[in-house]
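Chemist: Supplied in structure tokens, the structure appears directly below.
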Amino acid sequence: MKRKKIVGRSIPRAESVEKVAGRAVYAVDVVFPDMLCGRVLRSPIAHGRIKRIDVDGALALPGVRAVVTGLDVKGVKIGRQIYDMPVLADGVVRFAGEKIALEKIDVEYEELSPLLDPREALSPGAPLLHPQVMEYKGLPGKLPAPSNALVQLSWKKGDVEDGFRRADLIVENTFQTQVVHQAYIEPHSCVVKANESGGAEIWACSKVPFALRDQMATAFGIAAEKFLVHPCNIGGDFGGKGDFMDVPVAYLLSLKSRRPVKMVMDYGDEFIAGNPRHASIVKVKSGVSRDGRILAHHMDFVFDSGAYGAFKPIGYLFGAHEAAGPYRMESVLIEEKIVYTNKVPCGHMRAPGDPQGVFANESQMDLIAKELRMDPARFRRLNLMQDGDESPVGRKISHIKARETLDRLLKESKYYSRKKPNIGRGLALIQWLALGGECSVFIRIDDAGRITISTAMQDQGAGAGTVLRQIVADELQIDWQAIALETLDTASAPVDTGVGASRATRTYGNACYEAVIKAKQELFSAATQILAADHGDFIIANGGVSSKKKWLSYGEIVKANGASIVVEGHYHNHEIGPQASMCAQMAEVEVDPESGEIKLRRFASVHHAGKVLNPLLHNGQIDGGIVMGVGYALTEELLFADGKVTTLHFGDYKIPTIRDIPQLHKVVLETSVGRGPYNSMSIGETPIITVAPAIANAVYDAVGVSIKSIPLTAEKVLAGIKQLR
């Protein structure tokens, strides 16, 4: 009997109809008859002391049922990992946009000079924005002394000083990247319904409900079980839907008013007080031999944290220490500082830390090649890691396929074909090691043969729920559309690390695969009793179990068994790697030498991956990552004036449109390795990482101008062209 393959097919996202039809429930859709709406007064200044708060005017307004200020929660701090953010400003405001209290409240400030440059904040005479920083819970490393650098970490391999002494050429450059927003369609929203126990029910656009529950419990000193987080659909994430945002304030208002409270941010709020990608200053120093071998490499990161570190789930930016790329380097030193300033607090965005570091590192690779008078592709190939090599930070890598990926890109992109004047081509490469996590997936088969997958996974739009259906449909040989997916709340599921870091398919997919294999074993065991046949005679076929004598549907088996079949698959593995996926990309641009305008003409992307479980969704991740990368490279930036964000709507914040994107040429090299089910690998974050350096290197190739800061604007290019003249 021919097996019907469902894993590996292009199946549309299962929830698409529900969303398009308007039946999907988001946090903003949650309504209660006696619900109140909460709003906050945000600080108009970047730095200052609160001298006085007068709430009488607000309380006198018709319809106002409760007002809370920092005085109501003095000393209460919250965070994803680092607990340094007051729920409401507690005597001091540290950025323009910080939550103070309810609107219509009169506040008197003593304005202080803001620290807006992280380098200035690191200077010996700079005032400490957080004098109690060493007391904060969750810092990723012990600080030697109070500092505006809340994170000070380093990774080292080999003797860097000796490598620089032996080098025939030393190349040093400094690169800068900007603040950008995730630009999801749905702004943050939540509903909180406090109860008499001091706990609450929460509906929020959070992809990590258990983490949200625990953050609330830790901040307010209440047992985690007293907070119940209900699942909601998420209208886009890209790293930005993993924090608490307005949930603590809605909780306080609900407690005080004894009514459910809804809070919704508008996009003005998102831009001034969301959790955007960190700006960075990256110094790169490389020592190479005369024949092009990298002997020493030093990357010094300074990330602008903004006013708080509370939005970072591990406290630091993981991508920074992998930013040296897929290269063999004898000795490496990577240093990371994350620095408090009086600007909007930054958080995680798709591949946190990687786009900043890889823009610097891959731009540096081209600049080294120029100094060596070597082709940039040849220089990279000479230094690429091979299977079994150590990464720049000493992590053993297997099945990296770096050279194969680069060679395929050079061929597919026609990298060496002739080109006209002012047209340039640029390369950039990255390897990716996905994070792990912990989760459970339950499968239930009832006496009608209905199959339900139950999990706490929040599908943030990537289609992970569809992939789970495919796994079950493939193993049980049923129609994937007949499988129900139930999303569990935090009281109904075991502890769960949630989605993020390109791990959803690895964690939930593996748990789902384990569960469905258990379900098959249960079905075979029950069928053995019914048919009095040997277990080895059974096969799964056409939605049932078949022996040489008879076929039984799943419903018939469960009925005879006397109870529904319920199984659990559990995944718990936080190990990183060692199998690395690879991404190599090529950008072709045309630069107008009279205006500096950059036109992206062609873009090619080659990925070494494991088994592709759903080509349609896999391809969509590549497309989406490239488009976000183009925005990062060319147009997107949160602009500031005296510490205040001045980019307040999408008329000013320029995300790419379809007219900015050329036809994308994509190749996926499937292999039989990977930590996900069926040897699959991550794809969600790699496509964005190398776009900006590929475009920057293409501009350099076109007109000889090396732009070391993004976005790559026409003004910067024209200024560089004029300098060359």
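In the structure tokens, chains take the letters A, B, ... in the order shown, each chain's residues start at 1, and ligands count up from 1 in the order shown.
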Check which residues of range 428-499 of chain A sit at most 10 Å from range 612-636 of chain A using only C-alpha atoms, and return one row each with the closest pair of atoms and their distance in Å to one decimal, ordered by chain and rising number, as a Markdown table.

Modeler:
| residue | atom | partner | partner_atom | distance |
| --- | --- | --- | --- | --- |
| A:Ala462 | CA | A:Leu617 | CA | 7.2 |
| A:Gly463 | CA | A:Leu617 | CA | 6.8 |
| A:Ala464 | CA | A:Leu617 | CA | 9.0 |
| A:Thr466 | CA | A:Asn614 | CA | 8.9 |
| A:Val467 | CA | A:Leu613 | CA | 7.1 |
| A:Leu468 | CA | A:Leu613 | CA | 9.9 |
| A:Gln470 | CA | A:Leu613 | CA | 8.2 |
| A:Ile471 | CA | A:Leu613 | CA | 8.6 |

Chemist: Could you take the residues named above and write them with N, CA, C and O atoms, as an mmCIF file, in the first residue's frame?

Modeler:
data_model
loop_
_atom_site.group_PDB
_atom_site.id
_atom_site.type_symbol
_atom_site.label_atom_id
_atom_site.label_comp_id
_atom_site.auth_asym_id
_atom_site.auth_seq_id
_atom_site.Cartn_x
_atom_site.Cartn_y
_atom_site.Cartn_z
ATOM 1 N N ALA A 462 4.304 32.104 11.929
ATOM 2 C CA ALA A 462 5.221 31.365 11.069
ATOM 3 C C ALA A 462 4.632 30.062 10.552
ATOM 4 O O ALA A 462 5.186 29.449 9.643
ATOM 5 N N GLY A 463 3.534 29.605 11.147
ATOM 6 C CA GLY A 463 2.890 28.387 10.682
ATOM 7 C C GLY A 463 3.334 27.126 11.398
ATOM 8 O O GLY A 463 3.171 26.021 10.870
ATOM 9 N N ALA A 464 3.855 27.270 12.619
ATOM 10 C CA ALA A 464 4.330 26.090 13.354
ATOM 11 C C ALA A 464 3.197 25.113 13.635
ATOM 12 O O ALA A 464 3.399 23.892 13.641
ATOM 13 N N THR A 466 0.733 24.430 11.717
ATOM 14 C CA THR A 466 0.524 23.669 10.488
ATOM 15 C C THR A 466 1.528 22.530 10.390
ATOM 16 O O THR A 466 1.184 21.411 10.001
ATOM 17 N N VAL A 467 2.771 22.802 10.754
ATOM 18 C CA VAL A 467 3.805 21.763 10.708
ATOM 19 C C VAL A 467 3.479 20.629 11.677
ATOM 20 O O VAL A 467 3.676 19.449 11.352
ATOM 21 N N LEU A 468 2.958 20.947 12.860
ATOM 22 C CA LEU A 468 2.564 19.890 13.802
ATOM 23 C C LEU A 468 1.475 19.021 13.186
ATOM 24 O O LEU A 468 1.489 17.786 13.323
ATOM 25 N N GLN A 470 1.039 18.470 10.056
ATOM 26 C CA GLN A 470 1.660 17.658 9.013
ATOM 27 C C GLN A 470 2.347 16.423 9.595
ATOM 28 O O GLN A 470 2.264 15.329 9.033
ATOM 29 N N ILE A 471 3.037 16.604 10.720
ATOM 30 C CA ILE A 471 3.743 15.488 11.346
ATOM 31 C C ILE A 471 2.751 14.401 11.744
ATOM 32 O O ILE A 471 2.944 13.208 11.456
#

Chemist: Any chance you could tabulate, as a tab-separated table, the residues of range 631-695 of chain A at most 12 Å from range 554-575 of chain A with each one's nearest atom pair and distance in Å to one decimal, using only C-alpha atoms, in chain and rising number order?

Modeler:
residue	atom	partner	partner_atom	distance
A:Arg675	CA	A:Glu575	CA	10.0
A:Gly676	CA	A:Tyr571	CA	10.9
A:Pro677	CA	A:Tyr571	CA	11.3

Chemist: Set out as a Markdown table a contact list for range 538-623 of chain A and range 660-665 of chain A with a cut-off of 6 Å, giving each residue of range 538-623 of chain A that qualifies its closest atom pair and distance in Å to one decimal, counting only C-alpha atoms, ordered by chain and rising residue number.

Modeler:
| residue | atom | partner | partner_atom | distance |
| --- | --- | --- | --- | --- |
| A:Arg601 | CA | A:Pro662 | CA | 5.9 |
| A:Arg602 | CA | A:Pro662 | CA | 5.7 |
| A:Phe603 | CA | A:Leu664 | CA | 5.4 |
| A:Ala604 | CA | A:His665 | CA | 4.6 |

Chemist: Quick one: write out the picked residues with N, CA and C atoms as a PDB file, in the first residue's frame?

Modeler:
ATOM      1  N   ARG A 601      19.078  45.515  -7.603  1.00  0.00           N
ATOM      2  CA  ARG A 601      18.668  44.924  -8.882  1.00  0.00           C
ATOM      3  C   ARG A 601      18.397  43.421  -8.784  1.00  0.00           C
ATOM      4  N   ARG A 602      19.270  42.710  -8.077  1.00  0.00           N
ATOM      5  CA  ARG A 602      19.122  41.261  -7.949  1.00  0.00           C
ATOM      6  C   ARG A 602      19.517  40.841  -6.539  1.00  0.00           C
ATOM      7  N   PHE A 603      18.926  39.744  -6.082  1.00  0.00           N
ATOM      8  CA  PHE A 603      19.325  39.220  -4.780  1.00  0.00           C
ATOM      9  C   PHE A 603      19.212  37.701  -4.825  1.00  0.00           C
ATOM     10  N   ALA A 604      20.307  37.032  -4.461  1.00  0.00           N
ATOM     11  CA  ALA A 604      20.347  35.570  -4.477  1.00  0.00           C
ATOM     12  C   ALA A 604      20.668  35.063  -3.077  1.00  0.00           C
TER      13      ALA A 604
END

Chemist: Quick one: everything within 8 Å of Pro276 in chain A, counting only C-alpha atoms, minus sequence neighbours fewer than 6 positions away in the same chain. Send it as number ranges by chain.

Modeler: A: 179-182, 240, 345-349

Chemist: What does the file look like for those residues with N, CA, C and O atoms, as a PDB file, in the first residue's frame?

Modeler:
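New file out_4.pdb:
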ATOM      1  N   VAL A 179      18.798  52.048  15.450  1.00  0.00           N
ATOM      2  CA  VAL A 179      17.646  51.472  16.145  1.00  0.00           C
ATOM      3  C   VAL A 179      16.540  51.230  15.115  1.00  0.00           C
ATOM      4  O   VAL A 179      16.204  52.131  14.343  1.00  0.00           O
ATOM      5  N   VAL A 180      15.995  50.009  15.109  1.00  0.00           N
ATOM      6  CA  VAL A 180      14.867  49.713  14.219  1.00  0.00           C
ATOM      7  C   VAL A 180      13.789  48.978  14.998  1.00  0.00           C
ATOM      8  O   VAL A 180      14.057  48.291  15.980  1.00  0.00           O
ATOM      9  N   HIS A 181      12.552  49.123  14.542  1.00  0.00           N
ATOM     10  CA  HIS A 181      11.395  48.510  15.196  1.00  0.00           C
ATOM     11  C   HIS A 181      10.971  47.261  14.423  1.00  0.00           C
ATOM     12  O   HIS A 181      11.177  47.170  13.212  1.00  0.00           O
ATOM     13  N   GLN A 182      10.339  46.313  15.119  1.00  0.00           N
ATOM     14  CA  GLN A 182       9.913  45.064  14.477  1.00  0.00           C
ATOM     15  C   GLN A 182       8.805  45.282  13.450  1.00  0.00           C
ATOM     16  O   GLN A 182       8.637  44.472  12.541  1.00  0.00           O
ATOM     17  N   GLY A 240       9.482  40.699  18.992  1.00  0.00           N
ATOM     18  CA  GLY A 240       8.982  41.793  19.822  1.00  0.00           C
ATOM     19  C   GLY A 240       7.834  41.452  20.740  1.00  0.00           C
ATOM     20  O   GLY A 240       7.409  42.299  21.531  1.00  0.00           O
ATOM     21  N   PRO A 345      14.029  51.799  25.783  1.00  0.00           N
ATOM     22  CA  PRO A 345      14.659  50.510  26.102  1.00  0.00           C
ATOM     23  C   PRO A 345      14.552  49.544  24.921  1.00  0.00           C
ATOM     24  O   PRO A 345      13.502  49.422  24.303  1.00  0.00           O
ATOM     25  N   CYS A 346      15.640  48.855  24.651  1.00  0.00           N
ATOM     26  CA  CYS A 346      15.673  47.946  23.510  1.00  0.00           C
ATOM     27  C   CYS A 346      15.505  46.502  23.966  1.00  0.00           C
ATOM     28  O   CYS A 346      15.806  46.142  25.101  1.00  0.00           O
ATOM     29  N   GLY A 347      15.007  45.687  23.045  1.00  0.00           N
ATOM     30  CA  GLY A 347      14.769  44.288  23.347  1.00  0.00           C
ATOM     31  C   GLY A 347      15.233  43.404  22.215  1.00  0.00           C
ATOM     32  O   GLY A 347      16.218  43.697  21.549  1.00  0.00           O
ATOM     33  N   HIS A 348      14.515  42.325  21.997  1.00  0.00           N
ATOM     34  CA  HIS A 348      14.929  41.369  20.979  1.00  0.00           C
ATOM     35  C   HIS A 348      14.144  41.572  19.687  1.00  0.00           C
ATOM     36  O   HIS A 348      12.955  41.839  19.699  1.00  0.00           O
ATOM     37  N   MET A 349      14.873  41.442  18.604  1.00  0.00           N
ATOM     38  CA  MET A 349      14.288  41.453  17.273  1.00  0.00           C
ATOM     39  C   MET A 349      14.983  40.368  16.475  1.00  0.00           C
ATOM     40  O   MET A 349      16.164  40.079  16.713  1.00  0.00           O
TER      41      MET A 349
END

Chemist: If you run DSSP on the backbone here, which positions in range 286-383 of chain A get alpha helix (DSSP H)? Please write them as a ChimeraX atom specification.

Modeler: /A:354-372,376-383

Chemist: Could those selected residues go to a file with N, CA, C and O atoms, as a JSON list (two decimals), in the first residue's frame?

Modeler:
[["chain", "number", "residue", "atom", "x", "y", "z"],
["A", 354, "ASP", "N", 22.86, 39.48, 15.92],
["A", 354, "ASP", "CA", 23.51, 38.98, 14.70],
["A", 354, "ASP", "C", 23.58, 40.01, 13.57],
["A", 354, "ASP", "O", 24.64, 40.20, 12.97],
["A", 355, "PRO", "N", 22.46, 40.68, 13.21],
["A", 355, "PRO", "CA", 22.57, 41.63, 12.10],
["A", 355, "PRO", "C", 23.59, 42.74, 12.36],
["A", 355, "PRO", "O", 24.28, 43.19, 11.44],
["A", 356, "GLN", "N", 23.68, 43.19, 13.63],
["A", 356, "GLN", "CA", 24.66, 44.22, 13.96],
["A", 356, "GLN", "C", 26.08, 43.69, 13.76],
["A", 356, "GLN", "O", 26.92, 44.31, 13.08],
["A", 357, "GLY", "N", 26.37, 42.55, 14.38],
["A", 357, "GLY", "CA", 27.72, 42.01, 14.33],
["A", 357, "GLY", "C", 28.13, 41.54, 12.95],
["A", 357, "GLY", "O", 29.28, 41.73, 12.53],
["A", 358, "VAL", "N", 27.20, 40.91, 12.23],
["A", 358, "VAL", "CA", 27.55, 40.38, 10.92],
["A", 358, "VAL", "C", 27.69, 41.50, 9.90],
["A", 358, "VAL", "O", 28.51, 41.40, 8.97],
["A", 359, "PHE", "N", 26.93, 42.60, 10.05],
["A", 359, "PHE", "CA", 27.16, 43.75, 9.18],
["A", 359, "PHE", "C", 28.61, 44.21, 9.32],
["A", 359, "PHE", "O", 29.30, 44.47, 8.32],
["A", 360, "ALA", "N", 29.09, 44.29, 10.57],
["A", 360, "ALA", "CA", 30.47, 44.72, 10.80],
["A", 360, "ALA", "C", 31.45, 43.68, 10.27],
["A", 360, "ALA", "O", 32.42, 44.01, 9.57],
["A", 361, "ASN", "N", 31.23, 42.42, 10.60],
["A", 361, "ASN", "CA", 32.20, 41.38, 10.27],
["A", 361, "ASN", "C", 32.31, 41.12, 8.78],
["A", 361, "ASN", "O", 33.41, 41.00, 8.23],
["A", 362, "GLU", "N", 31.16, 41.04, 8.09],
["A", 362, "GLU", "CA", 31.20, 40.75, 6.66],
["A", 362, "GLU", "C", 31.65, 41.96, 5.84],
["A", 362, "GLU", "O", 32.23, 41.80, 4.77],
["A", 363, "SER", "N", 31.40, 43.17, 6.35],
["A", 363, "SER", "CA", 31.99, 44.35, 5.71],
["A", 363, "SER", "C", 33.50, 44.32, 5.88],
["A", 363, "SER", "O", 34.26, 44.64, 4.94],
["A", 364, "GLN", "N", 33.94, 43.92, 7.08],
["A", 364, "GLN", "CA", 35.38, 43.81, 7.35],
["A", 364, "GLN", "C", 36.04, 42.79, 6.42],
["A", 364, "GLN", "O", 37.16, 43.01, 5.94],
["A", 365, "MET", "N", 35.37, 41.70, 6.10],
["A", 365, "MET", "CA", 35.95, 40.68, 5.22],
["A", 365, "MET", "C", 36.28, 41.27, 3.85],
["A", 365, "MET", "O", 37.33, 41.00, 3.27],
["A", 366, "ASP", "N", 35.38, 42.10, 3.32],
["A", 366, "ASP", "CA", 35.65, 42.73, 2.02],
["A", 366, "ASP", "C", 36.80, 43.72, 2.11],
["A", 366, "ASP", "O", 37.61, 43.84, 1.17],
["A", 367, "LEU", "N", 36.87, 44.46, 3.21],
["A", 367, "LEU", "CA", 37.93, 45.45, 3.37],
["A", 367, "LEU", "C", 39.30, 44.78, 3.52],
["A", 367, "LEU", "O", 40.31, 45.29, 3.04],
["A", 368, "ILE", "N", 39.34, 43.63, 4.19],
["A", 368, "ILE", "CA", 40.59, 42.87, 4.28],
["A", 368, "ILE", "C", 40.99, 42.38, 2.89],
["A", 368, "ILE", "O", 42.16, 42.48, 2.48],
["A", 369, "ALA", "N", 40.01, 41.82, 2.16],
["A", 369, "ALA", "CA", 40.30, 41.31, 0.81],
["A", 369, "ALA", "C", 40.87, 42.41, -0.08],
["A", 369, "ALA", "O", 41.80, 42.18, -0.86],
["A", 370, "LYS", "N", 40.33, 43.62, 0.06],
["A", 370, "LYS", "CA", 40.84, 44.74, -0.75],
["A", 370, "LYS", "C", 42.30, 45.01, -0.42],
["A", 370, "LYS", "O", 43.14, 45.20, -1.32],
["A", 371, "GLU", "N", 42.63, 45.02, 0.87],
["A", 371, "GLU", "CA", 44.01, 45.29, 1.28],
["A", 371, "GLU", "C", 44.95, 44.20, 0.77],
["A", 371, "GLU", "O", 46.12, 44.46, 0.45],
["A", 372, "LEU", "N", 44.46, 42.98, 0.70],
["A", 372, "LEU", "CA", 45.27, 41.86, 0.19],
["A", 372, "LEU", "C", 45.26, 41.78, -1.33],
["A", 372, "LEU", "O", 45.97, 40.94, -1.91],
["A", 376, "PRO", "N", 37.03, 38.94, -2.97],
["A", 376, "PRO", "CA", 36.34, 38.71, -1.69],
["A", 376, "PRO", "C", 35.81, 37.29, -1.51],
["A", 376, "PRO", "O", 35.84, 36.75, -0.41],
["A", 377, "ALA", "N", 35.33, 36.68, -2.61],
["A", 377, "ALA", "CA", 34.84, 35.30, -2.50],
["A", 377, "ALA", "C", 35.99, 34.33, -2.24],
["A", 377, "ALA", "O", 35.88, 33.41, -1.42],
["A", 378, "ARG", "N", 37.11, 34.55, -2.90],
["A", 378, "ARG", "CA", 38.27, 33.67, -2.70],
["A", 378, "ARG", "C", 38.81, 33.81, -1.28],
["A", 378, "ARG", "O", 39.18, 32.81, -0.64],
["A", 379, "PHE", "N", 38.86, 35.04, -0.76],
["A", 379, "PHE", "CA", 39.33, 35.25, 0.61],
["A", 379, "PHE", "C", 38.45, 34.51, 1.61],
["A", 379, "PHE", "O", 38.93, 33.85, 2.53],
["A", 380, "ARG", "N", 37.14, 34.59, 1.41],
["A", 380, "ARG", "CA", 36.23, 33.89, 2.31],
["A", 380, "ARG", "C", 36.42, 32.38, 2.22],
["A", 380, "ARG", "O", 36.48, 31.69, 3.24],
["A", 381, "ARG", "N", 36.49, 31.89, 1.00],
["A", 381, "ARG", "CA", 36.60, 30.43, 0.82],
["A", 381, "ARG", "C", 37.86, 29.89, 1.45],
["A", 381, "ARG", "O", 37.88, 28.79, 2.03],
["A", 382, "LEU", "N", 38.93, 30.66, 1.38],
["A", 382, "LEU", "CA", 40.20, 30.27, 1.96],
["A", 382, "LEU", "C", 40.09, 30.05, 3.47],
["A", 382, "LEU", "O", 40.75, 29.18, 4.05],
["A", 383, "ASN", "N", 39.22, 30.84, 4.11],
["A", 383, "ASN", "CA", 39.13, 30.83, 5.57],
["A", 383, "ASN", "C", 37.89, 30.12, 6.13],
["A", 383, "ASN", "O", 37.68, 30.11, 7.34]]

Chemist: Have a look at CA of Phe238 in chain A and CA of Lys77 in chain A and let me know their distance in Å, one decimal.

Modeler: 25.5 Å

Chemist: To one decimal place in Å, what is the distance between CA of Met263 in chain A and CA of Gly38 in chain A?

Modeler: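 Taking CA of Met263 in chain A as the start and CA of Gly38 in chain A as the end point, the length is 5.1 Å.
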
Chemist: Would you pick out the contacts of Glu412 in chain A at 10 Å or less, using only C-alpha atoms, so that residues sharing its chain but fewer than 3 positions from it are not included, and give the list as an mmCIF file with C-alpha atoms, in the first residue's frame?

Modeler:
data_model
loop_
_atom_site.group_PDB
_atom_site.id
_atom_site.type_symbol
_atom_site.label_atom_id
_atom_site.label_comp_id
_atom_site.auth_asym_id
_atom_site.auth_seq_id
_atom_site.Cartn_x
_atom_site.Cartn_y
_atom_site.Cartn_z
ATOM 1 C CA LEU A 406 29.256 29.536 -1.006
ATOM 2 C CA ASP A 407 30.156 27.731 -4.247
ATOM 3 C CA ARG A 408 26.493 27.184 -5.067
ATOM 4 C CA LEU A 409 25.784 30.874 -4.446
ATOM 5 C CA TYR A 415 28.687 36.364 -9.391
ATOM 6 C CA MET A 586 24.596 37.948 -2.920
ATOM 7 C CA ALA A 604 20.347 35.570 -4.477
ATOM 8 C CA SER A 605 20.160 33.429 -1.356
ATOM 9 C CA VAL A 606 21.468 29.892 -0.778
ATOM 10 C CA HIS A 665 16.507 33.831 -6.369
ATOM 11 C CA LYS A 666 16.578 31.190 -3.629
ATOM 12 C CA VAL A 667 18.181 27.765 -3.375
#

Chemist: Within range 295-458 of chain A, find each residue whose DSSP state, derived from the backbone, is strand (DSSP E), and express the selection as JSON, numbers by chain.

Modeler: {"A": [295, 296, 297, 298, 299, 300, 301, 302, 303, 304, 305, 306, 331, 332, 333, 334, 335, 336, 337, 338, 339, 340, 423, 424, 425, 426, 427, 428, 429, 430, 431, 432, 437, 438, 439, 440, 441, 442, 443, 444, 445, 451, 452, 453, 454, 455]}

Chemist: Here is a test: counting only C-alpha atoms, which residue of A:Ala310, A:Ala584, A:Cys439, A:Ile202 is nearest to Thr455 in chain A?

Modeler: A:Cys439

Chemist: Record the distance separating CA of Phe175 in chain A and CA of Ser709 in chain A, expressed in Å with one decimal.

Modeler: 5.6 Å

Chemist: Which residues are close to Lys157 in chain A, i.e. within 9 Å by only C-alpha atoms, leaving aside same-chain residues fewer than 6 positions away? Reply as a PyMOL selection string.

Modeler: chain A and resi 329-333+392-394

Chemist: So, with only C-alpha atoms as the atoms that count, which of A:Pro144, A:Pro44, A:Gly91, A:Gly239 lies closest to Gly500 in chain A?

Modeler: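 Of A:Pro144, A:Pro44, A:Gly91, A:Gly239, the one nearest Gly500 in chain A is A:Gly239, counting only C-alpha atoms.
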
Chemist: Applying 8 Å and only C-alpha atoms, which residues near range 715-719 of chain A remain after dropping the ones on its own chain fewer than 4 positions away? List them as a list in words.

Modeler: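 Close residues of range 715-719 of chain A: Pro593, Glu594, Ser595, Gly596, Glu597, Val705, Ile707 and Gln723 of chain A.
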
Chemist: Tell me, as JSON, numbers by chain, which residues lie within 12 Å of Ala223 in chain A, counting only C-alpha atoms; anything in the same chain fewer than 5 positions away does not count.

Modeler: {"A": [197, 198, 199, 200, 213, 214, 215, 216, 217, 218, 228]}

Chemist: Store the residues of this selection in a file with N, CA and C atoms, as an mmCIF file, in the first residue's frame.

Modeler:
data_model
loop_
_atom_site.group_PDB
_atom_site.id
_atom_site.type_symbol
_atom_site.label_atom_id
_atom_site.label_comp_id
_atom_site.auth_asym_id
_atom_site.auth_seq_id
_atom_site.Cartn_x
_atom_site.Cartn_y
_atom_site.Cartn_z
ATOM 1 N N SER A 197 -7.760 36.682 45.169
ATOM 2 C CA SER A 197 -6.552 36.046 45.703
ATOM 3 C C SER A 197 -5.316 36.908 45.518
ATOM 4 N N GLY A 198 -5.458 37.999 44.750
ATOM 5 C CA GLY A 198 -4.306 38.823 44.399
ATOM 6 C C GLY A 198 -3.705 38.443 43.071
ATOM 7 N N GLY A 199 -4.143 37.322 42.520
ATOM 8 C CA GLY A 199 -3.690 36.906 41.201
ATOM 9 C C GLY A 199 -4.563 37.500 40.116
ATOM 10 N N ALA A 200 -4.477 36.953 38.905
ATOM 11 C CA ALA A 200 -5.247 37.514 37.799
ATOM 12 C C ALA A 200 -5.276 36.557 36.625
ATOM 13 N N ARG A 213 3.867 34.837 32.981
ATOM 14 C CA ARG A 213 3.318 34.466 34.293
ATOM 15 C C ARG A 213 4.386 34.589 35.380
ATOM 16 N N ASP A 214 5.565 34.059 35.108
ATOM 17 C CA ASP A 214 6.627 34.059 36.112
ATOM 18 C C ASP A 214 7.171 35.461 36.374
ATOM 19 N N GLN A 215 7.222 36.292 35.326
ATOM 20 C CA GLN A 215 7.678 37.676 35.528
ATOM 21 C C GLN A 215 6.727 38.443 36.437
ATOM 22 N N MET A 216 5.434 38.279 36.221
ATOM 23 C CA MET A 216 4.450 38.933 37.075
ATOM 24 C C MET A 216 4.560 38.429 38.515
ATOM 25 N N ALA A 217 4.710 37.121 38.664
ATOM 26 C CA ALA A 217 4.808 36.541 39.999
ATOM 27 C C ALA A 217 6.043 37.050 40.736
ATOM 28 N N THR A 218 7.157 37.107 40.046
ATOM 29 C CA THR A 218 8.398 37.567 40.674
ATOM 30 C C THR A 218 8.312 39.037 41.043
ATOM 31 N N LEU A 228 -3.037 33.273 35.626
ATOM 32 C CA LEU A 228 -3.456 32.374 34.555
ATOM 33 C C LEU A 228 -3.388 33.133 33.239
#

Chemist: Counting only C-alpha atoms, figure out which residue out of A:Asn342, A:Gln152, A:Asn173, A:Ser417 gets nearest to Gly643 in chain A.

Modeler: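 When distances to Gly643 in chain A are compared using only C-alpha atoms, the smallest one comes from A:Asn342.
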